[in-house]
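Have a look at model31.pdb; it's PDB, C-alpha atoms and all ligand atoms:
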MODEL        1
ATOM      1  CA  MET H  15     218.887 -82.762   0.290  1.00  0.00           C
ATOM      2  CA  THR H  16     218.415 -86.205   1.861  1.00  0.00           C
ATOM      3  CA  ARG H  17     218.317 -89.361  -0.294  1.00  0.00           C
ATOM      4  CA  PRO H  18     214.589 -90.066   0.292  1.00  0.00           C
ATOM      5  CA  ALA H  19     213.761 -86.442  -0.559  1.00  0.00           C
ATOM      6  CA  ARG H  20     215.751 -86.757  -3.775  1.00  0.00           C
ATOM      7  CA  ILE H  21     213.941 -89.964  -4.693  1.00  0.00           C
ATOM      8  CA  TRP H  22     210.570 -88.290  -4.060  1.00  0.00           C
ATOM      9  CA  LEU H  23     211.520 -85.254  -6.077  1.00  0.00           C
ATOM     10  CA  LYS H  24     212.511 -87.391  -9.048  1.00  0.00           C
ATOM     11  CA  ALA H  25     209.408 -89.566  -8.763  1.00  0.00           C
ATOM     12  CA  VAL H  26     207.172 -86.463  -8.840  1.00  0.00           C
ATOM     13  CA  ALA H  27     209.134 -85.084 -11.809  1.00  0.00           C
ATOM     14  CA  TRP H  28     208.695 -88.409 -13.682  1.00  0.00           C
ATOM     15  CA  VAL H  29     204.933 -88.319 -13.124  1.00  0.00           C
ATOM     16  CA  LEU H  30     204.672 -84.663 -14.192  1.00  0.00           C
ATOM     17  CA  CYS H  31     206.777 -85.260 -17.308  1.00  0.00           C
ATOM     18  CA  LEU H  32     204.636 -88.248 -18.337  1.00  0.00           C
ATOM     19  CA  LEU H  33     201.375 -86.401 -17.679  1.00  0.00           C
ATOM     20  CA  PRO H  34     201.195 -84.681 -21.120  1.00  0.00           C
ATOM     21  CA  LEU H  35     201.453 -88.110 -22.752  1.00  0.00           C
ATOM     22  CA  LEU H  36     198.686 -89.450 -20.534  1.00  0.00           C
ATOM     23  CA  VAL H  37     196.449 -86.469 -21.319  1.00  0.00           C
ATOM     24  CA  LEU H  38     197.130 -86.999 -25.036  1.00  0.00           C
ATOM     25  CA  ALA H  39     196.173 -90.685 -24.692  1.00  0.00           C
ATOM     26  CA  CYS H  40     192.942 -89.601 -22.944  1.00  0.00           C
ATOM     27  CA  TYR H  41     192.149 -87.187 -25.800  1.00  0.00           C
ATOM     28  CA  ALA H  42     192.866 -89.954 -28.323  1.00  0.00           C
ATOM     29  CA  THR H  43     190.564 -92.444 -26.612  1.00  0.00           C
ATOM     30  CA  THR H  44     187.727 -89.943 -26.172  1.00  0.00           C
ATOM     31  CA  ASP H  45     187.668 -88.485 -29.694  1.00  0.00           C
ATOM     32  CA  GLY H  46     189.243 -85.303 -28.381  1.00  0.00           C
ATOM     33  CA  LEU H  47     191.910 -84.768 -31.026  1.00  0.00           C
ATOM     34  CA  GLY H  48     189.777 -82.407 -33.092  1.00  0.00           C
ATOM     35  CA  ALA H  49     189.242 -82.204 -36.840  1.00  0.00           C
ATOM     36  CA  ASN H  50     192.932 -82.723 -37.675  1.00  0.00           C
ATOM     37  CA  PRO H  51     194.278 -85.360 -35.272  1.00  0.00           C
ATOM     38  CA  ILE H  52     197.750 -85.589 -36.873  1.00  0.00           C
ATOM     39  CA  SER H  53     198.268 -81.854 -36.560  1.00  0.00           C
ATOM     40  CA  PHE H  54     196.923 -81.914 -32.993  1.00  0.00           C
ATOM     41  CA  VAL H  55     199.312 -84.693 -31.902  1.00  0.00           C
ATOM     42  CA  THR H  56     202.307 -83.138 -33.717  1.00  0.00           C
ATOM     43  CA  ASN H  57     201.691 -79.733 -32.180  1.00  0.00           C
ATOM     44  CA  TRP H  58     201.002 -81.139 -28.709  1.00  0.00           C
ATOM     45  CA  LEU H  59     204.281 -83.061 -28.696  1.00  0.00           C
ATOM     46  CA  GLY H  60     206.160 -80.084 -30.183  1.00  0.00           C
ATOM     47  CA  GLN H  61     204.801 -77.757 -27.501  1.00  0.00           C
ATOM     48  CA  TRP H  62     205.796 -80.109 -24.704  1.00  0.00           C
ATOM     49  CA  THR H  63     209.257 -80.600 -26.194  1.00  0.00           C
ATOM     50  CA  PHE H  64     209.756 -76.847 -26.121  1.00  0.00           C
ATOM     51  CA  ARG H  65     208.299 -76.473 -22.606  1.00  0.00           C
ATOM     52  CA  LEU H  66     210.603 -79.158 -21.220  1.00  0.00           C
ATOM     53  CA  LEU H  67     213.546 -77.592 -22.998  1.00  0.00           C
ATOM     54  CA  LEU H  68     212.732 -74.245 -21.378  1.00  0.00           C
ATOM     55  CA  ALA H  69     212.272 -75.947 -17.998  1.00  0.00           C
ATOM     56  CA  THR H  70     215.736 -77.526 -18.377  1.00  0.00           C
ATOM     57  CA  LEU H  71     217.229 -74.164 -19.312  1.00  0.00           C
ATOM     58  CA  ALA H  72     215.515 -72.438 -16.370  1.00  0.00           C
ATOM     59  CA  LEU H  73     217.295 -74.435 -13.666  1.00  0.00           C
ATOM     60  CA  THR H  74     220.655 -72.630 -13.707  1.00  0.00           C
ATOM     61  CA  PRO H  75     219.050 -69.145 -13.890  1.00  0.00           C
ATOM     62  CA  LEU H  76     217.001 -70.138 -10.818  1.00  0.00           C
ATOM     63  CA  ARG H  77     220.252 -70.696  -8.951  1.00  0.00           C
ATOM     64  CA  ILE H  78     221.876 -67.542 -10.326  1.00  0.00           C
ATOM     65  CA  VAL H  79     218.977 -65.204  -9.496  1.00  0.00           C
ATOM     66  CA  PHE H  80     217.386 -66.757  -6.390  1.00  0.00           C
ATOM     67  CA  GLY H  81     220.212 -68.977  -5.118  1.00  0.00           C
ATOM     68  CA  ILE H  82     217.959 -72.064  -5.333  1.00  0.00           C
ATOM     69  CA  GLY H  83     220.183 -74.981  -6.286  1.00  0.00           C
ATOM     70  CA  TRP H  84     218.129 -78.124  -5.641  1.00  0.00           C
ATOM     71  CA  PRO H  85     216.141 -77.998  -8.932  1.00  0.00           C
ATOM     72  CA  LEU H  86     219.457 -78.663 -10.700  1.00  0.00           C
ATOM     73  CA  LEU H  87     219.047 -82.271  -9.538  1.00  0.00           C
ATOM     74  CA  LEU H  88     216.364 -82.521 -12.230  1.00  0.00           C
ATOM     75  CA  ARG H  89     218.433 -81.147 -15.108  1.00  0.00           C
ATOM     76  CA  ARG H  90     219.280 -84.523 -16.660  1.00  0.00           C
ATOM     77  CA  LEU H  91     215.775 -85.908 -16.196  1.00  0.00           C
ATOM     78  CA  LEU H  92     214.085 -82.861 -17.774  1.00  0.00           C
ATOM     79  CA  GLY H  93     216.609 -82.766 -20.609  1.00  0.00           C
ATOM     80  CA  LEU H  94     216.065 -86.432 -21.393  1.00  0.00           C
ATOM     81  CA  PHE H  95     212.297 -85.973 -21.330  1.00  0.00           C
ATOM     82  CA  ALA H  96     212.671 -83.042 -23.764  1.00  0.00           C
ATOM     83  CA  PHE H  97     214.606 -85.402 -26.040  1.00  0.00           C
ATOM     84  CA  PHE H  98     211.952 -88.111 -25.577  1.00  0.00           C
ATOM     85  CA  TYR H  99     209.120 -85.751 -26.582  1.00  0.00           C
ATOM     86  CA  ALA H 100     211.170 -84.399 -29.509  1.00  0.00           C
ATOM     87  CA  SER H 101     211.694 -87.982 -30.725  1.00  0.00           C
ATOM     88  CA  LEU H 102     207.966 -88.734 -30.494  1.00  0.00           C
ATOM     89  CA  HIS H 103     207.194 -85.442 -32.294  1.00  0.00           C
ATOM     90  CA  PHE H 104     209.635 -86.466 -35.047  1.00  0.00           C
ATOM     91  CA  LEU H 105     208.254 -90.035 -35.194  1.00  0.00           C
ATOM     92  CA  VAL H 106     204.726 -88.715 -35.752  1.00  0.00           C
ATOM     93  CA  TRP H 107     206.102 -86.639 -38.625  1.00  0.00           C
ATOM     94  CA  ILE H 108     207.826 -89.696 -40.180  1.00  0.00           C
ATOM     95  CA  LEU H 109     205.274 -92.412 -39.463  1.00  0.00           C
ATOM     96  CA  ILE H 110     201.923 -90.673 -39.591  1.00  0.00           C
ATOM     97  CA  ASP H 111     202.427 -87.401 -41.428  1.00  0.00           C
ATOM     98  CA  HIS H 112     204.612 -88.779 -44.252  1.00  0.00           C
ATOM     99  CA  TYR H 113     204.283 -92.539 -43.774  1.00  0.00           C
ATOM    100  CA  PHE H 114     207.922 -93.260 -44.757  1.00  0.00           C
ATOM    101  CA  ASN H 115     207.697 -91.225 -47.950  1.00  0.00           C
ATOM    102  CA  TRP H 116     211.409 -90.372 -47.913  1.00  0.00           C
ATOM    103  CA  ASP H 117     211.307 -88.208 -51.078  1.00  0.00           C
ATOM    104  CA  GLN H 118     208.535 -86.086 -49.603  1.00  0.00           C
ATOM    105  CA  MET H 119     210.376 -85.806 -46.290  1.00  0.00           C
ATOM    106  CA  LEU H 120     213.631 -84.798 -47.995  1.00  0.00           C
ATOM    107  CA  ALA H 121     211.757 -82.208 -50.050  1.00  0.00           C
ATOM    108  CA  ASP H 122     210.195 -80.861 -46.837  1.00  0.00           C
ATOM    109  CA  LEU H 123     213.584 -80.756 -45.154  1.00  0.00           C
ATOM    110  CA  VAL H 124     215.089 -78.697 -47.966  1.00  0.00           C
ATOM    111  CA  LYS H 125     212.096 -76.523 -48.830  1.00  0.00           C
ATOM    112  CA  ARG H 126     210.664 -75.682 -45.427  1.00  0.00           C
ATOM    113  CA  ARG H 127     213.107 -73.779 -43.258  1.00  0.00           C
ATOM    114  CA  TYR H 128     211.144 -74.583 -40.085  1.00  0.00           C
ATOM    115  CA  ILE H 129     211.659 -78.306 -40.768  1.00  0.00           C
ATOM    116  CA  THR H 130     215.386 -77.747 -41.433  1.00  0.00           C
ATOM    117  CA  VAL H 131     215.952 -76.000 -38.096  1.00  0.00           C
ATOM    118  CA  GLY H 132     213.679 -78.444 -36.221  1.00  0.00           C
ATOM    119  CA  MET H 133     215.717 -81.334 -37.579  1.00  0.00           C
ATOM    120  CA  LEU H 134     218.946 -79.615 -36.628  1.00  0.00           C
ATOM    121  CA  ALA H 135     217.642 -79.052 -33.099  1.00  0.00           C
ATOM    122  CA  LEU H 136     216.747 -82.734 -32.760  1.00  0.00           C
ATOM    123  CA  LEU H 137     220.114 -83.870 -34.148  1.00  0.00           C
ATOM    124  CA  LEU H 138     221.940 -81.624 -31.679  1.00  0.00           C
ATOM    125  CA  LEU H 139     219.942 -83.118 -28.823  1.00  0.00           C
ATOM    126  CA  VAL H 140     221.264 -86.616 -29.654  1.00  0.00           C
ATOM    127  CA  PRO H 141     224.869 -86.107 -28.426  1.00  0.00           C
ATOM    128  CA  LEU H 142     223.501 -84.341 -25.337  1.00  0.00           C
ATOM    129  CA  ALA H 143     221.269 -87.298 -24.501  1.00  0.00           C
ATOM    130  CA  VAL H 144     224.020 -89.845 -25.224  1.00  0.00           C
ATOM    131  CA  THR H 145     226.540 -88.050 -22.997  1.00  0.00           C
ATOM    132  CA  SER H 146     224.107 -87.336 -20.173  1.00  0.00           C
ATOM    133  CA  THR H 147     225.203 -90.214 -17.922  1.00  0.00           C
ATOM    134  CA  GLY H 148     227.602 -89.888 -15.009  1.00  0.00           C
ATOM    135  CA  GLY H 149     229.930 -92.365 -16.747  1.00  0.00           C
ATOM    136  CA  MET H 150     230.147 -90.124 -19.809  1.00  0.00           C
ATOM    137  CA  VAL H 151     230.901 -87.071 -17.653  1.00  0.00           C
ATOM    138  CA  ARG H 152     233.836 -88.977 -16.132  1.00  0.00           C
ATOM    139  CA  ARG H 153     235.031 -90.329 -19.485  1.00  0.00           C
ATOM    140  CA  LEU H 154     234.904 -86.966 -21.272  1.00  0.00           C
ATOM    141  CA  GLY H 155     236.066 -84.846 -18.357  1.00  0.00           C
ATOM    142  CA  GLY H 156     234.146 -81.894 -16.955  1.00  0.00           C
ATOM    143  CA  THR H 157     235.469 -79.266 -19.388  1.00  0.00           C
ATOM    144  CA  VAL H 158     234.709 -81.180 -22.600  1.00  0.00           C
ATOM    145  CA  TRP H 159     231.363 -82.327 -21.209  1.00  0.00           C
ATOM    146  CA  ARG H 160     230.348 -78.760 -20.335  1.00  0.00           C
ATOM    147  CA  ARG H 161     231.396 -77.559 -23.795  1.00  0.00           C
ATOM    148  CA  ILE H 162     229.241 -80.233 -25.470  1.00  0.00           C
ATOM    149  CA  HIS H 163     226.289 -79.460 -23.233  1.00  0.00           C
ATOM    150  CA  ARG H 164     226.451 -75.737 -24.022  1.00  0.00           C
ATOM    151  CA  MET H 165     224.877 -76.773 -27.329  1.00  0.00           C
ATOM    152  CA  VAL H 166     221.567 -76.857 -25.470  1.00  0.00           C
ATOM    153  CA  TYR H 167     221.425 -73.053 -25.883  1.00  0.00           C
ATOM    154  CA  LEU H 168     221.739 -73.435 -29.641  1.00  0.00           C
ATOM    155  CA  VAL H 169     218.996 -76.084 -29.519  1.00  0.00           C
ATOM    156  CA  GLY H 170     216.803 -73.539 -27.721  1.00  0.00           C
ATOM    157  CA  VAL H 171     217.441 -70.897 -30.400  1.00  0.00           C
ATOM    158  CA  LEU H 172     216.715 -73.397 -33.215  1.00  0.00           C
ATOM    159  CA  ALA H 173     213.512 -74.495 -31.463  1.00  0.00           C
ATOM    160  CA  ALA H 174     212.413 -70.851 -31.192  1.00  0.00           C
ATOM    161  CA  LEU H 175     213.082 -70.295 -34.916  1.00  0.00           C
ATOM    162  CA  HIS H 176     211.201 -73.528 -35.730  1.00  0.00           C
ATOM    163  CA  PHE H 177     208.133 -72.300 -33.864  1.00  0.00           C
ATOM    164  CA  LEU H 178     208.358 -68.700 -35.142  1.00  0.00           C
ATOM    165  CA  TRP H 179     208.709 -69.809 -38.765  1.00  0.00           C
ATOM    166  CA  LEU H 180     205.921 -72.395 -38.722  1.00  0.00           C
ATOM    167  CA  ALA H 181     203.315 -70.395 -36.813  1.00  0.00           C
ATOM    168  CA  LYS H 182     200.565 -68.548 -38.608  1.00  0.00           C
ATOM    169  CA  GLN H 183     200.655 -64.759 -38.452  1.00  0.00           C
ATOM    170  CA  GLY H 184     198.985 -63.256 -35.416  1.00  0.00           C
ATOM    171  CA  ARG H 185     199.845 -66.105 -33.019  1.00  0.00           C
ATOM    172  CA  THR H 186     201.463 -64.901 -29.837  1.00  0.00           C
ATOM    173  CA  ALA H 187     202.670 -68.262 -28.418  1.00  0.00           C
ATOM    174  CA  PRO H 188     205.918 -68.442 -30.473  1.00  0.00           C
ATOM    175  CA  TYR H 189     206.878 -64.929 -29.327  1.00  0.00           C
ATOM    176  CA  VAL H 190     206.138 -65.816 -25.702  1.00  0.00           C
ATOM    177  CA  TYR H 191     208.372 -68.915 -25.933  1.00  0.00           C
ATOM    178  CA  ALA H 192     211.116 -66.902 -27.669  1.00  0.00           C
ATOM    179  CA  ALA H 193     210.908 -64.162 -25.015  1.00  0.00           C
ATOM    180  CA  ILE H 194     211.210 -66.715 -22.174  1.00  0.00           C
ATOM    181  CA  LEU H 195     214.203 -68.262 -23.927  1.00  0.00           C
ATOM    182  CA  ALA H 196     215.839 -64.842 -24.397  1.00  0.00           C
ATOM    183  CA  LEU H 197     215.310 -64.063 -20.709  1.00  0.00           C
ATOM    184  CA  LEU H 198     216.841 -67.384 -19.609  1.00  0.00           C
ATOM    185  CA  LEU H 199     219.821 -67.004 -21.939  1.00  0.00           C
ATOM    186  CA  GLY H 200     220.247 -63.397 -20.790  1.00  0.00           C
ATOM    187  CA  VAL H 201     220.399 -64.447 -17.127  1.00  0.00           C
ATOM    188  CA  ARG H 202     222.901 -67.187 -18.023  1.00  0.00           C
ATOM    189  CA  LEU H 203     225.113 -64.688 -19.848  1.00  0.00           C
ATOM    190  CA  TRP H 204     224.884 -62.204 -17.010  1.00  0.00           C
ATOM    191  CA  GLY H 205     225.820 -64.942 -14.505  1.00  0.00           C
ATOM    192  CA  ALA H 206     228.793 -66.016 -16.618  1.00  0.00           C
ATOM    193  CA  LEU H 207     230.029 -62.429 -17.007  1.00  0.00           C
ATOM    194  CA  ARG H 208     229.688 -61.806 -13.276  1.00  0.00           C
ATOM    195  CA  LEU H 209     231.675 -64.946 -12.542  1.00  0.00           C
ATOM    196  CA  ALA H 210     234.357 -64.047 -15.067  1.00  0.00           C
ATOM    197  CA  ARG H 211     234.870 -60.694 -13.344  1.00  0.00           C
ATOM    198  CA  ARG H 212     235.346 -62.409  -9.980  1.00  0.00           C
ATOM    199  CA  PRO H 213     237.856 -65.226 -10.638  1.00  0.00           C
ATOM    200  CA  ARG H 214     238.064 -66.112  -6.940  1.00  0.00           C
ATOM    201  CA  ASP H 215     234.387 -67.161  -6.938  1.00  0.00           C
ATOM    202  CA  ARG H 216     235.170 -69.821  -9.509  1.00  0.00           C
ATOM    203  CA  ALA H 217     237.727 -71.489  -7.261  1.00  0.00           C
ATOM    204  CA  SER H 218     235.363 -71.665  -4.273  1.00  0.00           C
TER     205      SER H 218
HETATM  206  C1  LIG H 301     213.889 -79.795 -30.403  1.00  0.00           C
HETATM  207  C2  LIG H 301     213.181 -80.043 -31.473  1.00  0.00           C
HETATM  208  C3  LIG H 301     211.797 -79.520 -31.758  1.00  0.00           C
HETATM  209  C4  LIG H 301     210.987 -78.667 -31.033  1.00  0.00           C
HETATM  210  C5  LIG H 301     211.273 -77.993 -29.701  1.00  0.00           C
HETATM  211  C6  LIG H 301     209.760 -78.521 -31.779  1.00  0.00           C
HETATM  212  C7  LIG H 301     208.693 -77.736 -31.372  1.00  0.00           C
HETATM  213  C8  LIG H 301     207.543 -77.553 -32.109  1.00  0.00           C
HETATM  214  C9  LIG H 301     206.470 -76.659 -31.737  1.00  0.00           C
HETATM  215  C10 LIG H 301     206.452 -75.799 -30.474  1.00  0.00           C
HETATM  216  C11 LIG H 301     205.514 -76.761 -32.685  1.00  0.00           C
HETATM  217  C12 LIG H 301     204.235 -75.937 -32.801  1.00  0.00           C
HETATM  218  C13 LIG H 301     203.148 -76.316 -31.874  1.00  0.00           C
HETATM  219  C14 LIG H 301     201.934 -75.471 -32.109  1.00  0.00           C
HETATM  220  O1  LIG H 301     201.744 -74.921 -33.201  1.00  0.00           O
HETATM  221  O2  LIG H 301     201.148 -75.368 -31.174  1.00  0.00           O
HETATM  222  C15 LIG H 301     205.972 -77.720 -33.663  1.00  0.00           C
HETATM  223  C16 LIG H 301     205.247 -78.092 -34.782  1.00  0.00           C
HETATM  224  C17 LIG H 301     205.742 -78.901 -35.765  1.00  0.00           C
HETATM  225  N1  LIG H 301     206.985 -79.476 -35.813  1.00  0.00           N
HETATM  226 FE1  LIG H 301     208.401 -79.365 -34.395  1.00  0.00          FE
HETATM  227  N2  LIG H 301     209.837 -79.268 -32.927  1.00  0.00           N
HETATM  228  C18 LIG H 301     211.072 -79.877 -32.958  1.00  0.00           C
HETATM  229  C19 LIG H 301     211.546 -80.711 -33.929  1.00  0.00           C
HETATM  230  C20 LIG H 301     210.869 -81.045 -35.076  1.00  0.00           C
HETATM  231  C21 LIG H 301     211.347 -81.943 -36.095  1.00  0.00           C
HETATM  232  C22 LIG H 301     212.682 -82.688 -36.041  1.00  0.00           C
HETATM  233  C23 LIG H 301     210.393 -82.016 -37.062  1.00  0.00           C
HETATM  234  C24 LIG H 301     210.391 -82.799 -38.325  1.00  0.00           C
HETATM  235  C25 LIG H 301     211.454 -83.041 -39.019  1.00  0.00           C
HETATM  236  C26 LIG H 301     209.304 -81.155 -36.652  1.00  0.00           C
HETATM  237  C27 LIG H 301     208.144 -80.951 -37.367  1.00  0.00           C
HETATM  238  C28 LIG H 301     207.070 -80.209 -36.963  1.00  0.00           C
HETATM  239  C29 LIG H 301     205.830 -80.093 -37.714  1.00  0.00           C
HETATM  240  C30 LIG H 301     205.506 -80.744 -39.040  1.00  0.00           C
HETATM  241  C31 LIG H 301     204.994 -79.274 -36.954  1.00  0.00           C
HETATM  242  C32 LIG H 301     203.552 -78.896 -37.248  1.00  0.00           C
HETATM  243  C33 LIG H 301     203.488 -77.756 -38.223  1.00  0.00           C
HETATM  244  C34 LIG H 301     202.053 -77.480 -38.604  1.00  0.00           C
HETATM  245  O3  LIG H 301     201.190 -77.385 -37.748  1.00  0.00           O
HETATM  246  O4  LIG H 301     201.841 -77.336 -39.778  1.00  0.00           O
HETATM  247  N3  LIG H 301     209.631 -80.588 -35.430  1.00  0.00           N
HETATM  248  N4  LIG H 301     207.200 -78.169 -33.278  1.00  0.00           N
ENDMDL
END
With the file now loaded, output its structure as structure tokens.
Amino acid sequence: MTRPARIWLKAVAWVLCLLPLLVLACYATTDGLGANPISFVTNWLGQWTFRLLLATLALTPLRIVFGIGWPLLLRRLLGLFAFFYASLHFLVWILIDHYFNWDQMLADLVKRRYITVGMLALLLLVPLAVTSTGGMVRRLGGTVWRRIHRMVYLVGVLAALHFLWLAKQGRTAPYVYAAILALLLGVRLWGALRLARRPRDRAS
């Protein structure tokens, strides 16, 4: 892909990734947050965190199944936006939901398993975000860097548990997200197994 095309691609991705925040701001300024605005904002940001996480995880399967490699250029950008939305989601929980009531937050963290796994998912995203730069790839070396970044699959599983455990009975959305995640992880595993059986492919 040419340099201008890459710049355009990233610019479009930036706009698309910021769009959910813009829509949320529009809802907020037009009284569109419903009867429980805190819950609306928390859930909106949580949903977009998960969607961006799935989008990040979909890029390699796209290459494995369809041979389309260019979306991988967006892996870092999408991953960082997932982290950004997760941080906002968490900030709403701290600042608006609990208003710095640390005892209440700690109690929530211990008592509610969906909060425990959500927190774990966010904490695991931190080293991924910190080591996402080209400089860090060079400093750590490709093998170590890849090992660290495999944690993104665990983050996906924790996010799925978070959503499954918090959702009210009868909601289909958490199962849809979990099924998409399972499909993406399945393709990844299949790709890795196929590669392992053909060692010469790895060298080329
Ligand atoms: C990668 C990290 C995370 C992801 C992907 C994520 C995703 C989600 C999703 C998809 C929802 C449900 C949206 C809906 O019902 O429509 C949600 C709700 C929620 N999340 Fe998270 N979340 C993450 C981290 C966290 C963390 C760190 C906390 C707080 C410590 C948290 C607290 C909550 C709360 C309080 C709700 C709303 C529950 C309710 O409606 O009662 N999440 N999150």
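In terms of minimum interatomic distance to ligand LIG 301 (chain H), H:Met133 ranks closest within H:Met133, H:Leu36, H:Leu73, H:Val26, counting only C-alpha atoms and all ligand atoms.
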Could you produce a table of the residues of chain H lying within 9 Å of ligand LIG 301 (chain H), with the nearest pair of atoms per residue and their separation in Å rounded to one decimal, using all atoms listed in the file, ordered by chain and increasing residue number, as a Markdown table?
| residue | atom | partner | partner_atom | distance |
| --- | --- | --- | --- | --- |
| H:Ile52 | CA | H:LIG301 | C32 | 8.9 |
| H:Ser53 | CA | H:LIG301 | O3 | 5.5 |
| H:Phe54 | CA | H:LIG301 | O3 | 7.8 |
| H:Val55 | CA | H:LIG301 | C32 | 9.0 |
| H:Thr56 | CA | H:LIG301 | C32 | 5.7 |
| H:Asn57 | CA | H:LIG301 | C13 | 3.7 |
| H:Trp58 | CA | H:LIG301 | C13 | 6.2 |
| H:Leu59 | CA | H:LIG301 | C8 | 7.3 |
| H:Gly60 | CA | H:LIG301 | C8 | 3.5 |
| H:Gln61 | CA | H:LIG301 | C10 | 3.9 |
| H:Trp62 | CA | H:LIG301 | C10 | 7.2 |
| H:Thr63 | CA | H:LIG301 | C5 | 4.8 |
| H:Phe64 | CA | H:LIG301 | C5 | 4.1 |
| H:Arg65 | CA | H:LIG301 | C5 | 7.8 |
| H:Leu66 | CA | H:LIG301 | C5 | 8.6 |
| H:Leu67 | CA | H:LIG301 | C5 | 7.1 |
| H:Ala96 | CA | H:LIG301 | C1 | 7.5 |
| H:Phe97 | CA | H:LIG301 | C1 | 7.1 |
| H:Tyr99 | CA | H:LIG301 | C3 | 8.5 |
| H:Ala100 | CA | H:LIG301 | C2 | 5.2 |
| H:Ser101 | CA | H:LIG301 | C22 | 7.6 |
| H:His103 | CA | H:LIG301 | N3 | 6.3 |
| H:Phe104 | CA | H:LIG301 | C23 | 4.9 |
| H:Leu105 | CA | H:LIG301 | C24 | 8.2 |
| H:Val106 | CA | H:LIG301 | C24 | 8.6 |
| H:Trp107 | CA | H:LIG301 | C24 | 5.8 |
| H:Ile108 | CA | H:LIG301 | C24 | 7.6 |
| H:Asp111 | CA | H:LIG301 | C30 | 7.7 |
| H:Met119 | CA | H:LIG301 | C25 | 7.9 |
| H:Asp122 | CA | H:LIG301 | C25 | 8.2 |
| H:Leu123 | CA | H:LIG301 | C25 | 6.9 |
| H:Tyr128 | CA | H:LIG301 | C27 | 7.5 |
| H:Ile129 | CA | H:LIG301 | C25 | 5.1 |
| H:Thr130 | CA | H:LIG301 | C25 | 7.0 |
| H:Val131 | CA | H:LIG301 | C19 | 7.7 |
| H:Gly132 | CA | H:LIG301 | C19 | 3.9 |
| H:Met133 | CA | H:LIG301 | C22 | 3.7 |
| H:Leu134 | CA | H:LIG301 | C22 | 7.0 |
| H:Ala135 | CA | H:LIG301 | C1 | 4.7 |
| H:Leu136 | CA | H:LIG301 | C2 | 4.6 |
| H:Leu137 | CA | H:LIG301 | C22 | 7.8 |
| H:Leu138 | CA | H:LIG301 | C1 | 8.4 |
| H:Leu139 | CA | H:LIG301 | C1 | 7.1 |
| H:Val169 | CA | H:LIG301 | C1 | 6.4 |
| H:Gly170 | CA | H:LIG301 | C5 | 7.4 |
| H:Leu172 | CA | H:LIG301 | C1 | 7.5 |
| H:Ala173 | CA | H:LIG301 | C5 | 4.5 |
| H:Ala174 | CA | H:LIG301 | C5 | 7.4 |
| H:His176 | CA | H:LIG301 | C6 | 6.5 |
| H:Phe177 | CA | H:LIG301 | C9 | 5.1 |
| H:Leu178 | CA | H:LIG301 | C12 | 8.7 |
| H:Leu180 | CA | H:LIG301 | C33 | 5.9 |
| H:Ala181 | CA | H:LIG301 | O1 | 6.0 |
| H:Lys182 | CA | H:LIG301 | O1 | 8.4 |
| H:Ala187 | CA | H:LIG301 | O2 | 7.8 |
| H:Pro188 | CA | H:LIG301 | C10 | 7.4 |
| H:Tyr191 | CA | H:LIG301 | C10 | 8.5 |
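Counting all atoms listed in the file, region 85-87 of chain H has the following residues at most 9 Å away, ignoring those fewer than 4 positions along the same chain: Arg20, Leu23, Lys24, Thr70, Leu73, Thr74, Leu76, Arg77 and Leu91 of chain H.
Listed by chain and then by number, the residues chosen by the PyMOL selection byres (((chain H and resi 195) around 10) and not hetatm) in this file are Phe64, Leu67, Leu68, Ala69, Leu71, Ala72, Tyr167, Gly170, Val171, Ala173, Ala174, Tyr189, Val190, Tyr191, Ala192, Ala193, Ile194, Ala196, Leu197, Leu198, Leu199, Gly200 and Val201 of chain H.
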Between CA of Leu207 (chain H) and CA of Leu142 (chain H) lies a distance of 24.3 Å
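Across the structure, CA of Leu175 (chain H) and CA of Arg127 (chain H) are spaced 9.0 Å apart.
Atom pair CA of Met150 (chain H) / CA of Met165 (chain H): separated by 16.2 Å.
Considering only C-alpha atoms, the residue among H:Ile78, H:Thr147, H:Arg153, H:Ala25 positioned nearest to Leu209 (chain H) is H:Ile78.
Across H:Gly184, H:Gly93, H:Gly205, H:Gly83, the tightest approach to Met15 (chain H) is made by H:Gly83 when counting all atoms listed in the file.
Minimum atom-to-atom distance to His163 (chain H), evaluated using all atoms listed in the file, belongs to H:Arg89 out of H:Gly81, H:Leu120, H:Arg89, H:Thr186.
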